[in-house]
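Engineer: The structure under discussion is supplied below as structure tokens; questions concerning it will follow.
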There are 2 protein chains.
Amino acid sequence: MKLNRTLLLSVLLITLFSCNNKTENVAEESEQDGHPKLILTKKGVKEIRAQLGNIPIFDNTLKEVQEEIDAEIALGIDTPTPKDYSGGYTHDRHKRNMVVMQKAGVLYQILDNEKYAKYVKDMLMQYEGMYKTLPVHPKTRSYARGKLFWQCLNDSNWLVYVSQAYDCVYNYLTEEERNKLETNLFKPFADYISIENPQFYNRVHNHSTWGNAAVGMIGLVMDDEELIQRALYGIKDLEMDKTAKDDDGGYINKDGKAGFLANIEEPFSPDGYYNEGPYYQRYAMYPFLIFAEGLHNVRPDVKIFEYKDGVLLKSINALLNLSDADGDFFPLNDGQKGMSYYNSALVTAVDISYHFGGQDPGLLSIAKQQNKVLLDDSGLAVALGIKEGLEKPFEKKSINLTDGPNGTQGGVGILRNQGIEVVFKYAAQGSSHGHYDKLSYSLYERGDEVIQDYGLARFVNIEQKGGGNYLKENKTWAKQTIAHNTVTQNETSHFNAKFETGSKYHPELHYFSSENESVQVASAIDTHAYPGTEMLRTMAVIKDEDFEKPYVLDIMRVTSNKANQYDFPYYFLGQVLQTNFKYKTPETLKPLGNKNGYQHLFLEGSAKAQSDNSKLSWLNKGKFYTLTTVTSNADNLLFTRIGANDPEFNLRREAALLLRRKNVKNTTFVSTIEAHGGYSPVTESAVNSNSNIAHLKVVLDNADYTAIVITNVNGVSKLFITANTKQDKGIKHKLTINNESYEWSGSYYFK
Amino acid sequence: MKLNRTLLLSVLLITLFSCNNKTENVAEESEQDGHPKLILTKKGVKEIRAQLGNIPIFDNTLKEVQEEIDAEIALGIDTPTPKDYSGGYTHDRHKRNMVVMQKAGVLYQILDNEKYAKYVKDMLMQYEGMYKTLPVHPKTRSYARGKLFWQCLNDSNWLVYVSQAYDCVYNYLTEEERNKLETNLFKPFADYISIENPQFYNRVHNHSTWGNAAVGMIGLVMDDEELIQRALYGIKDLEMDKTAKDDDGGYINKDGKAGFLANIEEPFSPDGYYNEGPYYQRYAMYPFLIFAEGLHNVRPDVKIFEYKDGVLLKSINALLNLSDADGDFFPLNDGQKGMSYYNSALVTAVDISYHFGGQDPGLLSIAKQQNKVLLDDSGLAVALGIKEGLEKPFEKKSINLTDGPNGTQGGVGILRNQGIEVVFKYAAQGSSHGHYDKLSYSLYERGDEVIQDYGLARFVNIEQKGGGNYLKENKTWAKQTIAHNTVTQNETSHFNAKFETGSKYHPELHYFSSENESVQVASAIDTHAYPGTEMLRTMAVIKDEDFEKPYVLDIMRVTSNKANQYDFPYYFLGQVLQTNFKYKTPETLKPLGNKNGYQHLFLEGSAKAQSDNSKLSWLNKGKFYTLTTVTSNADNLLFTRIGANDPEFNLRREAALLLRRKNVKNTTFVSTIEAHGGYSPVTESAVNSNSNIAHLKVVLDNADYTAIVITNVNGVSKLFITANTKQDKGIKHKLTINNESYEWSGSYYFK
């Protein structure tokens, strides 16, 4: 009743004012009401306008956005009846509309040109007209169907963007218009994605983060405390089914946690590692940060950037460190390759981190590469920083990132040295997007994959490929252990590929050492992937003066209570140049197995190891690589190629060399991978195309120590010893190998 | 006797002068003797010295060369006893030495610093010491073994470079030193690669061109008329075995032609197309042009740049036009992919073409991309041109290049429109490096291969792969017809893969039309690849306003005197997105055949065509493509992958869709290939991912005309008619199709 009277009064007042000079009135109102306030602020707009024309990267971004939006305005507005999955027209159009509205709103504020406000208003009104009678989206595949889109997730994306647009044109709209939009569109929209879809909203998951941010941001704009509380803490007094699962097989809400703060609390480790991996962190980053920015501006009392010891800003640093030399994120878990810090979510992340964090000049160099800034206060700060020449290179060094809310659930160690990067994954399951690959790794050289992690089996947003969604090969191949560079025991995946089991356990860090610039080591242990079996993997990147480039030393020590078959693949990318073993290639290609991912591997060649070191050299993107691995005559060497049982060509036809060791209890896989030389098809010269390692020998391997001698082609030998038990830095070790005695302090010895 | 007295006198004189101021004496001598004169000239050196520090691209090149050579000088001189094949140490070292000497010689002239001259002298003297007793190279694989290298070809390379070095330090040396070098090294060296190896020297082949240039250039420096004559006209009074063949199966000297001029005469068509294709033209270019430059400077009476209507300069233009948007040469015949106009031979070509040709400002833009110039008079001209801002873009348009000495042996037509390039090969055999692929094509978009030509099966200079030489798969796969985008009849290659037969015949141009910017057409006919069968292929690149990008229309009309099986592959690169036909993928992969290249193809999927149009969409490097091909229910569609019977992983695992039509006499393959839209893994948005063609229909197909209707998804139809017989531009056509009558002049109709 009260509401209706206020509404009536407003309508009357607005009607009166409308007869006068509307623009002036709008400006006046703007000062009173305090919009924009969410992302752009009134103060920020003032400063931006004062600097315009004088801040190149900002000016250029603005110009591009203006051209883009002017073109959209010229095309006219379309808000089609929802119908398609990702990649289809209605999906893409609504997705585009949300971005276009957000940008048009910003243009209105910065350029003070009403055409942009009118465009936003007109489109919002079309949505208002449609939404009030809109049924649930006709496509049924999602566990939480949206209305504009086939899943609530996309509806939430929409509201996160549109809240910003609404904030920008708030004062341009009459109160009547605002009431209409809030009553028929925003409030029911927020309710639909939260109260009506708790299985989507009330959980700890990147989907929910979008939901929380959507509800919270529109709440901040509308000054609706109930929505803000719902965003921060989840739906009040709701009991959830603790056993329910989502489409991907993940629990929906096992422990009853929900809301934006819980979504910060749970998935981020204290180091800022996001439990699903960088691809999903990138996706989640935008709602985390944009809602945080909004909270910071509108509700500074929440102190969001200080929450959990400042983890949101730390997470940006972690994310940037989870990218290769080209800025591409490592495709851990269900990550799509090619996603990089050029994604607009990372423009948000970098600008916010710079502005609200410590003005790290390294971030400016990334912003410069991105060649784009946010059109808001933080983007202005970055643009000014670049203009003033404050930028420094963003140096990515070796880094260990813990996983788990308290940093105690394993982690990811990245070893870096002169362009060589080893990404060593000893993290927890990684939620529903996790893969069964404990202690796996991938290897990069200057942004090129050398030993690859397959990533996901999906063509995101390409409708022709399963509607742009996960393909069945994601589960049958990409998630399986054999798809990864780690040990597969008896042709079964870690945790038997059981999500519940995998989610219970995680490896433990053994040690991480990056103090020595020449020898960087990460070591971790797993005791749960295969019950009764312990795997201790130690990976080192060693820069030895006698080698052209740093090489990788990989020691995987497997101890079991029974005899097993162990498969140990190397997913090398590139073309085979040479082996030191004779292999046979079959006339017909057959799958290597019939389940657990093996059904997707063709056997392309096989050999018995013929010496104590087996070697494979290959060429990839103009660079040479050599694997040297310690073998015995009982070992099998199998060349495999992905692509069997792939009836729709969903998988990439890529190779591996698979070292198979049968019927042993305990064994240690010891290998080096060298990057060396290069080949140019323009000069046709091959430089340093041969391995520099003459011999690799395990001189000691027991419960306490593993010791490896690496001898180069000039006969110079180096000894690497890793402590398998007492690995603490402070501990002193004394050891005799072949009548020579060695003494050292710390986790490893190298000389 | 006379020689000896002169020599004695010289020694005396030199000895006397040596006691005085040697440098002054050298300068004096230099003026008298006229060295350098071959590539650098005295006048040029003077001008270069005057401009130094003021010609950025030249200065930078000079600086790089100086750093490179200073580093080499610091390393010391090594002239190891010859031992290895390509890629091995002794091979690479001698190859490096020749380049280093040439550059050091140039540095001596430009920088006037004796240390470079001394370095050249010292190295030459080491060679002199070694060469006089050097046996034939121990490796026996070549039909013409060298001494420093395993083949005379490389020895010739060496002499071409070293002649230049010798010219540069000529006046620095005493006459005694010169006599020593000429007597013990240069003269016997020139004789060895010519008189002692006529099977290498006395023929028309790119190998011989190097030999001729080597002999000629040292002849020019030494002022040895006999050598110059031998270079220009071949070995005097020599009878060759007309039936002998080289390692690659090519005739050594079937028609008795030899010498540099014959080597210009034979392989170049009047348009400047080189019969072996661009990869070999690039390789041959350097000796052609560098010797020509030398002749021009020392023997202007030969008028070498005017020879055969200026074909040498024309050939540079042809070669540049045989590259894709990135400057990579189309890998016709045995071409290795990745070779491009960034190769140093093309720096030579571009600079010489600019300086001695018409100062085409387009060449300056390529020189700028190359970021390097020759350190001689022509490089100076280019550097000055760039400095003065004269450069214009080098525009590559559609072009038809005739093949054969008189331009009457077929050719290569390149159709270009807005980033789409079709390379249509209707050339002659292409000498021993030719492939059996009459009327084949490859398709590029902005430098990326879309429908590929496989190129060669070889890893040039990578020793691990067959010593860097041709692999056996080059013959069993790359040369075979099924490896190419053309018709294979009854699973046998064109000309039954017989070199002699293939060398006798060539297709004929039917018509080439590039006047209309929107419709570019090439059409050619072959009647010899399969006796009794005629193939008429018409390829068009059409830019229709209703399409986002130009599309390719391909009409291959086959007429035979008997029923055959026709295989028609599309070697698409990228990943299958969608087909409109259901295919089955076998559990095990088997080779498609057992010979003629079929043994290298695995069958990955098969289907019966299910409609009158079969469609395949794929994604490659972020761009979408769709093939639409006219089919009947009798047609088979086979997915193949290269790699069967490849025991050393020499072949790339790449795909094709193969349209198989069995037991028909006459048939026409009609297809369109559309490039459309794109996908970004950073934004994850798929734009225009669907084909714009709803239907493709053959409405008329007889001896005189073939007519195709292309209907797009909006129902708009276009008609393309090609004249199968009376194709002359001037001819008027009148035709009725489905009661509609069409009248036009010219080879084709499109509306």
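In the structure tokens, each chain is lettered A, B, ... as it comes, each chain's residues begin at 1, and ligands are numbered from 1 in order of appearance.
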What lies within 9 Å of A:Phe639 using only C-alpha atoms, ignoring chain neighbours under 4 positions off, as a PDB file with C-alpha atoms, in the first residue's frame?

Structural biologist:
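What follows is the written file out.pdb:
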ATOM      1  CA  TYR A 583      60.188 -50.111 -32.730  1.00  0.00           C
ATOM      2  CA  THR A 585      54.678 -50.021 -36.370  1.00  0.00           C
ATOM      3  CA  PHE A 602      45.615 -46.084 -30.944  1.00  0.00           C
ATOM      4  CA  LEU A 603      48.801 -48.107 -30.663  1.00  0.00           C
ATOM      5  CA  GLU A 604      51.067 -46.734 -33.404  1.00  0.00           C
ATOM      6  CA  GLY A 605      54.312 -48.438 -32.525  1.00  0.00           C
ATOM      7  CA  SER A 606      55.849 -50.677 -29.918  1.00  0.00           C
ATOM      8  CA  ALA A 607      59.273 -51.733 -28.741  1.00  0.00           C
ATOM      9  CA  ALA A 655      50.895 -38.528 -29.860  1.00  0.00           C
ATOM     10  CA  ALA A 656      52.521 -39.940 -26.779  1.00  0.00           C
ATOM     11  CA  LEU A 657      55.351 -42.255 -25.925  1.00  0.00           C
ATOM     12  CA  LEU A 658      54.162 -44.537 -23.176  1.00  0.00           C
ATOM     13  CA  LEU A 659      56.615 -46.387 -20.973  1.00  0.00           C
TER      14      LEU A 659
END

Engineer: Kindly determine which residues of chain B lie within 9 Å of chain A, considering only C-alpha atoms, and give the answer as a ChimeraX atom specification.

Structural biologist: /B:87,92,336-344,459-465,575-578,583-591,602,605,644-654,679-687,689-690

Engineer: Grab the atom CA of B:Gln418 to atom CA of B:Tyr551 distance for me, in Å with one decimal place.

Structural biologist: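 Those two atoms sit 10.3 Å apart.
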
Engineer: When you look at A:Pro198 with a cut-off of 12 Å (counting only C-alpha atoms), what residues show up, excluding the ones that are within fewer than 3 positions of it in the same chain? I need them as a PyMOL selection string.

Structural biologist: chain A and resi 143-145+152+190-195+201-204+207-208+211-212+230+234-241+244+246+252-253+256-259

Engineer: Pick out each residue of stretch 263-404 of chain A that DSSP on the backbone tags as strand (DSSP E); I need them as a ChimeraX atom specification.

Structural biologist: /A:399-402

Engineer: Output all heavy atoms for every residue in that selection, as a tab-separated table (two decimals), in the first residue's frame.

Structural biologist:
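Output contents, as saved in again_34.tsv:
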chain	number	residue	atom	x	y	z
A	399	ILE	N	57.01	-20.54	-8.56
A	399	ILE	CA	56.07	-20.20	-7.51
A	399	ILE	C	55.33	-21.46	-7.09
A	399	ILE	O	55.02	-22.32	-7.91
A	399	ILE	CB	55.09	-19.10	-7.99
A	399	ILE	CG1	54.21	-18.59	-6.85
A	399	ILE	CG2	54.22	-19.57	-9.14
A	399	ILE	CD1	53.38	-17.36	-7.23
A	400	ASN	N	55.06	-21.55	-5.81
A	400	ASN	CA	54.26	-22.65	-5.30
A	400	ASN	C	52.95	-22.08	-4.79
A	400	ASN	O	52.96	-21.17	-3.97
A	400	ASN	CB	55.01	-23.37	-4.17
A	400	ASN	CG	54.26	-24.61	-3.73
A	400	ASN	OD1	53.82	-25.40	-4.56
A	400	ASN	ND2	54.09	-24.79	-2.42
A	401	LEU	N	51.84	-22.59	-5.29
A	401	LEU	CA	50.53	-22.10	-4.88
A	401	LEU	C	49.80	-23.21	-4.14
A	401	LEU	O	49.52	-24.26	-4.72
A	401	LEU	CB	49.72	-21.67	-6.11
A	401	LEU	CG	50.33	-20.53	-6.93
A	401	LEU	CD1	49.64	-20.42	-8.29
A	401	LEU	CD2	50.22	-19.21	-6.19
A	402	THR	N	49.50	-22.99	-2.90
A	402	THR	CA	48.77	-24.01	-2.14
A	402	THR	C	47.33	-24.06	-2.59
A	402	THR	O	46.79	-23.09	-3.11
A	402	THR	CB	48.81	-23.70	-0.63
A	402	THR	OG1	48.21	-22.40	-0.45
A	402	THR	CG2	50.22	-23.70	-0.10

Engineer: Let's see if you can do this: from backbone DSSP, list all alpha helix (DSSP H) residues in stretch 315-545 of chain B, as a PyMOL selection string.

Structural biologist: chain B and resi 315-321+344-356+361-370+377-387+472-473+499-504
